[in-house]
2 protein chains.
Amino acid sequence: MTAVDEIPWFASASRRKRYLVGVSGGADSVALLLLLVDAKFRNLVICHIDHGLRGRASTADAKFVRSLAEKLGLPLESTRVDVPGRMKSRHESMETAARNARHDFFGECAVKHRCQRVLLAHHADDQAETVLWNLLRGSHGLRGMREIREFTLKSGTKLEIVRPLLGLRRAELIGWLMSRGSRWREDASNAEPVAIRNRLRNEALPLLSMISGRDAVQAIFRATENSHEQAELEAWALTQANVLDPQGRLHVPVLRSLPVALQRAALVAYLNDAGLREMDRVQLDRLVNLLDPTQPGSVNLAQGYRMKRRAGRMFLEWISNERTEIH
Amino acid sequence: MTAVDEIPWFASASRRKRYLVGVSGGADSVALLLLLVDAKFRNLVICHIDHGLRGRASTADAKFVRSLAEKLGLPLESTRVDVPGRMKSRHESMETAARNARHDFFGECAVKHRCQRVLLAHHADDQAETVLWNLLRGSHGLRGMREIREFTLKSGTKLEIVRPLLGLRRAELIGWLMSRGSRWREDASNAEPVAIRNRLRNEALPLLSMISGRDAVQAIFRATENSHEQAELEAWALTQANVLDPQGRLHVPVLRSLPVALQRAALVAYLNDAGLREMDRVQLDRLVNLLDPTQPGSVNLAQGYRMKRRAGRMFLEWISNERTEIH
């Protein structure tokens, strides 16, 4: 395997800081944890979520992680969440329910341990599966996981998610674990849509490799590498475009003069600044249409917000029962 | 099928202009031709290439297209090219050899008929296969065919390639042909890497559809829709960046200040202007490295060109045996 000091994050990360480490008990997260310990990271908090999706095996996973924590002398935070219950009561997909449960848990751990940094064990094979899966369910362009991503939970807690192993292959990690005689739990999962992921991994990617005579995981992984560079380019273009007026509202004539991809980027940046994330494509297209002066002058958004166009400007209003505030 | 007047290109294209129409004899191109005739396009020139790859079947394809042209009362340009011979003598891949032979032929037809517009029958299924194939062999992001693309041949002839059917599904075209009792030649091909394409079409895309429970062709087709918008954004950013000096050479300090994706875009645009296309990623990265003042000051490129960095500028030189000209 790539030596630890060749993994960019390992080479530069401070050993003295505290890190929350997501450990399911599977090979990937056990490898991450042991790599960290070997590389003299001392201030680690193991965070284990039992998604309640694997019955007795879930309990065994939790037990395995507990004994690993004891052996390593590291603190453990462990929780059991009721993903199926959450799916029912909140009408969420399994993926959304599991993700929200994870976020809540990491948020609690972050507060308790005064630590925003969360390390997760996703690797290049996960990335290729994610990209393919996003592609199949309608992403625009190739969308994968980022190595470092900061975001703010609804509770206001900030998290910095880091994926130090994103450049490594699953086989490298397993080979490394085997070479040092370490154990892990087979199939300990992150409650992602396992059936689809498994079929992408075990059927689709091998078939694509066979057809093309190349390693499809590698090809897809590389193809997403510059999607971050595209984001940089977009951000650069956005600073050139000067879309905000001195009051911080969107300047409609300026926006209209831009290519549509940049209009969308400007709208997303404006909404993100206001805490509105995860706009879907349909909503975004409605906002782009708002630039057309022949269209009605406002679009209702999630969380009680409305985007309004008036006098050559666009801005968010917050609609409460009683009054309308300009955001 | 979508009514012809719902296909954007059909709705707006002038019926009086002349068009060259690529017709292999297969269902797709026969459908394109008949759609054009039905929609009262009169000034059409049928262009048929026999790639010499299917033995006797190739001859039968050519005969079929000839009789179709006679029935429709349209002029026919037909040629037989020796793709295998071209592959050997020029060390080109089958794909490159076939593409170059096509371009040469369309260039000749364009001159003879004083017509730059070439209509090709690629559809959404072709697009999904192309995108997947490009992805597997190392494209960055999703790269597909464009509905309209202009380019200049080495001979100086300009061509405008139009793909009016790019939004339609193969099954729609075949259904339409069957409903009007029209015939076509099975398997008449465009000499693209047929084995790989067939496997992507018949194995990979159906498997991806089955795994995801969605139509993979549709998903991939949609995912590429905004890659053109990304290209627009890139072009806009490039005009903002002002990378050329008054002599038309690349301005190194300006380039260095840009995000790397824009550096690449600037290099590609500069090279395209000089007729150098199809830079692969490795070459492009070497050119980006040339921006680093600690690196050697030149990189050799294809076709006898060299990129040179000197006094804060980068420019192409043409290296002949005898002398060095600044391009």
# chains A, B, ... in the order shown; residues from 1 in each chain; ligands from 1

call {"tool": "interface_residues", "arguments": {"of": "chain B", "to": "chain A", "cutoff": "7 Å", "atoms": "only C-alpha atoms", "output": "ChimeraX atom specification"}}
result
/B:135-142,196,199,204,207-208,211-212,216,219-220,223-224,226-227,229-230,232-233,237,259-262

call {"tool": "residues_around", "arguments": {"residues": "Arg249 in chain A", "least_positions_apart": "2", "cutoff": "12 Å", "atoms": "only C-alpha atoms", "output": "number ranges by chain"}}
result
A: 242-247, 251-252, 254-255, 266-267, 269-271, 273-274, 307-317, 326-327

call {"tool": "closest_residue", "arguments": {"among": "B:Asn100, B:Gln303, B:Thr59, B:Ser298", "to": "Met279 in chain B", "atoms": "only C-alpha atoms"}}
result
B:Gln303

call {"tool": "residues_around", "arguments": {"residues": "Ile161 in chain B", "least_positions_apart": "4", "cutoff": "6 Å", "atoms": "only C-alpha atoms", "output": "ChimeraX atom specification"}}
result
/B:118,148-149

call {"tool": "write_last_selection", "arguments": {"atoms": "all heavy atoms", "output": "PDB file, in the first residue's frame"}}
result
ATOM      1  N   VAL B 118     -23.281  19.576 -42.609  1.00  0.00           N
ATOM      2  CA  VAL B 118     -23.346  18.119 -42.657  1.00  0.00           C
ATOM      3  C   VAL B 118     -24.305  17.646 -41.574  1.00  0.00           C
ATOM      4  O   VAL B 118     -24.129  17.967 -40.403  1.00  0.00           O
ATOM      5  CB  VAL B 118     -21.953  17.498 -42.400  1.00  0.00           C
ATOM      6  CG1 VAL B 118     -22.037  15.971 -42.445  1.00  0.00           C
ATOM      7  CG2 VAL B 118     -20.931  18.026 -43.392  1.00  0.00           C
ATOM      8  N   ILE B 148     -24.503  20.821 -32.378  1.00  0.00           N
ATOM      9  CA  ILE B 148     -23.937  21.578 -33.491  1.00  0.00           C
ATOM     10  C   ILE B 148     -22.468  21.831 -33.198  1.00  0.00           C
ATOM     11  O   ILE B 148     -22.116  22.269 -32.104  1.00  0.00           O
ATOM     12  CB  ILE B 148     -24.659  22.935 -33.669  1.00  0.00           C
ATOM     13  CG1 ILE B 148     -26.129  22.685 -34.012  1.00  0.00           C
ATOM     14  CG2 ILE B 148     -23.981  23.776 -34.747  1.00  0.00           C
ATOM     15  CD1 ILE B 148     -26.943  23.937 -34.200  1.00  0.00           C
ATOM     16  N   ARG B 149     -21.629  21.501 -34.140  1.00  0.00           N
ATOM     17  CA  ARG B 149     -20.213  21.716 -33.923  1.00  0.00           C
ATOM     18  C   ARG B 149     -19.577  22.204 -35.215  1.00  0.00           C
ATOM     19  O   ARG B 149     -19.777  21.613 -36.281  1.00  0.00           O
ATOM     20  CB  ARG B 149     -19.560  20.400 -33.495  1.00  0.00           C
ATOM     21  CG  ARG B 149     -18.137  20.609 -33.047  1.00  0.00           C
ATOM     22  CD  ARG B 149     -17.467  19.330 -32.613  1.00  0.00           C
ATOM     23  NE  ARG B 149     -16.046  19.508 -32.850  1.00  0.00           N
ATOM     24  CZ  ARG B 149     -15.233  18.596 -33.357  1.00  0.00           C
ATOM     25  NH1 ARG B 149     -15.697  17.416 -33.660  1.00  0.00           N
ATOM     26  NH2 ARG B 149     -13.962  18.850 -33.552  1.00  0.00           N
TER      27      ARG B 149
END

call {"tool": "select_by_dssp", "arguments": {"residues": "range 134-174 of chain A", "states": "strand (DSSP E or B)", "output": "list in words"}}
result
Ile148, Arg149, Glu150, Phe151, Thr152, Lys158, Leu159, Glu160, Ile161 and Val162 of chain A

call {"tool": "write_last_selection", "arguments": {"atoms": "N, CA and C atoms", "output": "JSON list (two decimals), in the first residue's frame"}}
result
[["chain", "number", "residue", "atom", "x", "y", "z"],
["A", 148, "ILE", "N", -12.44, 16.97, 1.50],
["A", 148, "ILE", "CA", -12.72, 17.78, 2.69],
["A", 148, "ILE", "C", -13.99, 18.57, 2.43],
["A", 149, "ARG", "N", -14.91, 18.51, 3.36],
["A", 149, "ARG", "CA", -16.15, 19.24, 3.17],
["A", 149, "ARG", "C", -16.60, 19.82, 4.51],
["A", 150, "GLU", "N", -16.87, 21.09, 4.53],
["A", 150, "GLU", "CA", -17.35, 21.72, 5.76],
["A", 150, "GLU", "C", -18.83, 21.99, 5.62],
["A", 151, "PHE", "N", -19.56, 21.74, 6.66],
["A", 151, "PHE", "CA", -20.95, 22.18, 6.62],
["A", 151, "PHE", "C", -21.52, 22.39, 8.01],
["A", 152, "THR", "N", -22.66, 23.05, 8.02],
["A", 152, "THR", "CA", -23.28, 23.44, 9.28],
["A", 152, "THR", "C", -24.57, 22.65, 9.45],
["A", 158, "LYS", "N", -20.96, 23.20, 13.53],
["A", 158, "LYS", "CA", -20.21, 23.05, 12.28],
["A", 158, "LYS", "C", -19.41, 21.76, 12.31],
["A", 159, "LEU", "N", -19.37, 21.09, 11.17],
["A", 159, "LEU", "CA", -18.56, 19.88, 11.04],
["A", 159, "LEU", "C", -17.61, 20.03, 9.86],
["A", 160, "GLU", "N", -16.42, 19.47, 10.03],
["A", 160, "GLU", "CA", -15.51, 19.37, 8.90],
["A", 160, "GLU", "C", -15.29, 17.89, 8.62],
["A", 161, "ILE", "N", -15.88, 17.42, 7.52],
["A", 161, "ILE", "CA", -15.77, 16.01, 7.16],
["A", 161, "ILE", "C", -14.52, 15.82, 6.32],
["A", 162, "VAL", "N", -13.64, 14.92, 6.72],
["A", 162, "VAL", "CA", -12.40, 14.67, 5.98],
["A", 162, "VAL", "C", -12.36, 13.19, 5.59]]

call {"tool": "atom_distance", "arguments": {"atom1": "CA of Gly248 in chain B", "atom2": "CA of Leu153 in chain B"}}
result
22.0 Å

call {"tool": "residues_around", "arguments": {"residues": "Ala97 in chain B", "least_positions_apart": "5", "cutoff": "8 Å", "atoms": "only C-alpha atoms", "output": "NGL selection string"}}
result
:B and (83 or 86-87 or 92)

call {"tool": "write_last_selection", "arguments": {"atoms": "all heavy atoms", "output": "tab-separated table (two decimals), in the first residue's frame"}}
result
chain	number	residue	atom	x	y	z
B	83	VAL	N	-9.98	1.76	-44.53
B	83	VAL	CA	-9.66	2.05	-43.13
B	83	VAL	C	-8.52	1.17	-42.62
B	83	VAL	O	-7.56	1.70	-42.04
B	83	VAL	CB	-10.92	1.94	-42.23
B	83	VAL	CG1	-10.54	1.99	-40.76
B	83	VAL	CG2	-11.89	3.06	-42.56
B	86	ARG	N	-5.33	2.49	-43.94
B	86	ARG	CA	-5.02	3.77	-43.31
B	86	ARG	C	-4.48	3.56	-41.89
B	86	ARG	O	-3.59	4.29	-41.44
B	86	ARG	CB	-6.31	4.58	-43.27
B	86	ARG	CG	-6.10	6.07	-43.48
B	86	ARG	CD	-7.41	6.82	-43.62
B	86	ARG	NE	-7.15	8.20	-43.21
B	86	ARG	CZ	-7.56	9.26	-43.89
B	86	ARG	NH1	-8.26	9.12	-44.99
B	86	ARG	NH2	-7.28	10.47	-43.45
B	87	MET	N	-5.07	2.59	-41.19
B	87	MET	CA	-4.59	2.30	-39.83
B	87	MET	C	-3.12	1.89	-39.86
B	87	MET	O	-2.32	2.34	-39.05
B	87	MET	CB	-5.41	1.15	-39.22
B	87	MET	CG	-6.83	1.55	-38.84
B	87	MET	SD	-7.89	0.08	-38.57
B	87	MET	CE	-7.19	-0.59	-37.07
B	92	GLU	N	-2.76	4.76	-37.13
B	92	GLU	CA	-3.92	5.35	-36.45
B	92	GLU	C	-4.79	4.22	-35.88
B	92	GLU	O	-4.80	3.11	-36.40
B	92	GLU	CB	-4.74	6.18	-37.43
B	92	GLU	CG	-4.03	7.45	-37.90
B	92	GLU	CD	-4.79	8.17	-39.02
B	92	GLU	OE1	-5.63	7.54	-39.69
B	92	GLU	OE2	-4.51	9.36	-39.22

call {"tool": "atom_distance", "arguments": {"atom1": "CA of Gly304 in chain B", "atom2": "CA of Phe105 in chain B"}}
result
25.2 Å

call {"tool": "atom_distance", "arguments": {"atom1": "CA of Glu6 in chain B", "atom2": "CA of Asp187 in chain B"}}
result
28.2 Å

call {"tool": "decode", "arguments": {"residues": "range 5-30 of chain A", "atoms": "N, CA and C atoms", "output": "mmCIF file, in the first residue's frame"}}
result
data_model
loop_
_atom_site.group_PDB
_atom_site.id
_atom_site.type_symbol
_atom_site.label_atom_id
_atom_site.label_comp_id
_atom_site.auth_asym_id
_atom_site.auth_seq_id
_atom_site.Cartn_x
_atom_site.Cartn_y
_atom_site.Cartn_z
ATOM 1 N N ASP A 5 2.731 8.193 4.772
ATOM 2 C CA ASP A 5 3.192 9.575 4.586
ATOM 3 C C ASP A 5 3.084 10.021 3.132
ATOM 4 N N GLU A 6 2.637 9.110 2.241
ATOM 5 C CA GLU A 6 2.350 9.548 0.872
ATOM 6 C C GLU A 6 0.891 9.959 0.714
ATOM 7 N N ILE A 7 0.071 9.704 1.715
ATOM 8 C CA ILE A 7 -1.312 10.159 1.657
ATOM 9 C C ILE A 7 -1.298 11.631 2.068
ATOM 10 N N PRO A 8 -1.732 12.513 1.183
ATOM 11 C CA PRO A 8 -1.537 13.946 1.449
ATOM 12 C C PRO A 8 -2.025 14.376 2.833
ATOM 13 N N TRP A 9 -3.206 13.923 3.215
ATOM 14 C CA TRP A 9 -3.747 14.400 4.483
ATOM 15 C C TRP A 9 -2.871 13.945 5.657
ATOM 16 N N PHE A 10 -2.421 12.683 5.621
ATOM 17 C CA PHE A 10 -1.587 12.159 6.708
ATOM 18 C C PHE A 10 -0.280 12.938 6.827
ATOM 19 N N ALA A 11 0.249 13.367 5.669
ATOM 20 C CA ALA A 11 1.540 14.048 5.702
ATOM 21 C C ALA A 11 1.443 15.389 6.411
ATOM 22 N N SER A 12 0.278 16.028 6.304
ATOM 23 C CA SER A 12 0.221 17.408 6.788
ATOM 24 C C SER A 12 -0.629 17.605 8.048
ATOM 25 N N ALA A 13 -1.441 16.615 8.418
ATOM 26 C CA ALA A 13 -2.378 16.848 9.530
ATOM 27 C C ALA A 13 -1.654 16.874 10.883
ATOM 28 N N SER A 14 -2.125 17.745 11.742
ATOM 29 C CA SER A 14 -1.520 17.865 13.065
ATOM 30 C C SER A 14 -1.838 16.650 13.924
ATOM 31 N N ARG A 15 -0.805 16.052 14.533
ATOM 32 C CA ARG A 15 -0.996 14.891 15.415
ATOM 33 C C ARG A 15 -1.572 15.294 16.762
ATOM 34 N N ARG A 16 -1.492 16.574 17.085
ATOM 35 C CA ARG A 16 -1.921 16.971 18.425
ATOM 36 C C ARG A 16 -3.421 17.267 18.508
ATOM 37 N N LYS A 17 -4.007 17.564 17.359
ATOM 38 C CA LYS A 17 -5.435 17.890 17.381
ATOM 39 C C LYS A 17 -6.274 16.653 17.662
ATOM 40 N N ARG A 18 -7.509 16.903 18.102
ATOM 41 C CA ARG A 18 -8.455 15.822 18.327
ATOM 42 C C ARG A 18 -9.239 15.547 17.044
ATOM 43 N N TYR A 19 -9.561 14.274 16.800
ATOM 44 C CA TYR A 19 -10.366 13.891 15.647
ATOM 45 C C TYR A 19 -11.444 12.899 16.064
ATOM 46 N N LEU A 20 -12.640 13.098 15.535
ATOM 47 C CA LEU A 20 -13.679 12.071 15.634
ATOM 48 C C LEU A 20 -13.489 11.125 14.446
ATOM 49 N N VAL A 21 -13.497 9.825 14.683
ATOM 50 C CA VAL A 21 -13.290 8.862 13.603
ATOM 51 C C VAL A 21 -14.509 7.950 13.495
ATOM 52 N N GLY A 22 -15.162 7.974 12.349
ATOM 53 C CA GLY A 22 -16.309 7.092 12.134
ATOM 54 C C GLY A 22 -15.835 5.669 11.901
ATOM 55 N N VAL A 23 -16.238 4.726 12.776
ATOM 56 C CA VAL A 23 -15.785 3.338 12.658
ATOM 57 C C VAL A 23 -16.995 2.403 12.696
ATOM 58 N N SER A 24 -17.266 1.778 11.557
ATOM 59 C CA SER A 24 -18.386 0.833 11.493
ATOM 60 C C SER A 24 -17.957 -0.544 11.972
ATOM 61 N N GLY A 25 -16.656 -0.812 11.883
ATOM 62 C CA GLY A 25 -16.147 -2.153 12.165
ATOM 63 C C GLY A 25 -15.752 -2.876 10.887
ATOM 64 N N GLY A 26 -16.133 -2.331 9.730
ATOM 65 C CA GLY A 26 -15.753 -2.916 8.442
ATOM 66 C C GLY A 26 -14.282 -2.642 8.133
ATOM 67 N N ALA A 27 -13.801 -3.284 7.072
ATOM 68 C CA ALA A 27 -12.376 -3.210 6.744
ATOM 69 C C ALA A 27 -11.912 -1.761 6.549
ATOM 70 N N ASP A 28 -12.715 -0.959 5.849
ATOM 71 C CA ASP A 28 -12.275 0.382 5.484
ATOM 72 C C ASP A 28 -12.034 1.235 6.717
ATOM 73 N N SER A 29 -13.013 1.227 7.631
ATOM 74 C CA SER A 29 -12.892 2.127 8.771
ATOM 75 C C SER A 29 -11.912 1.579 9.802
ATOM 76 N N VAL A 30 -11.786 0.250 9.887
ATOM 77 C CA VAL A 30 -10.758 -0.317 10.780
ATOM 78 C C VAL A 30 -9.376 0.069 10.250
#
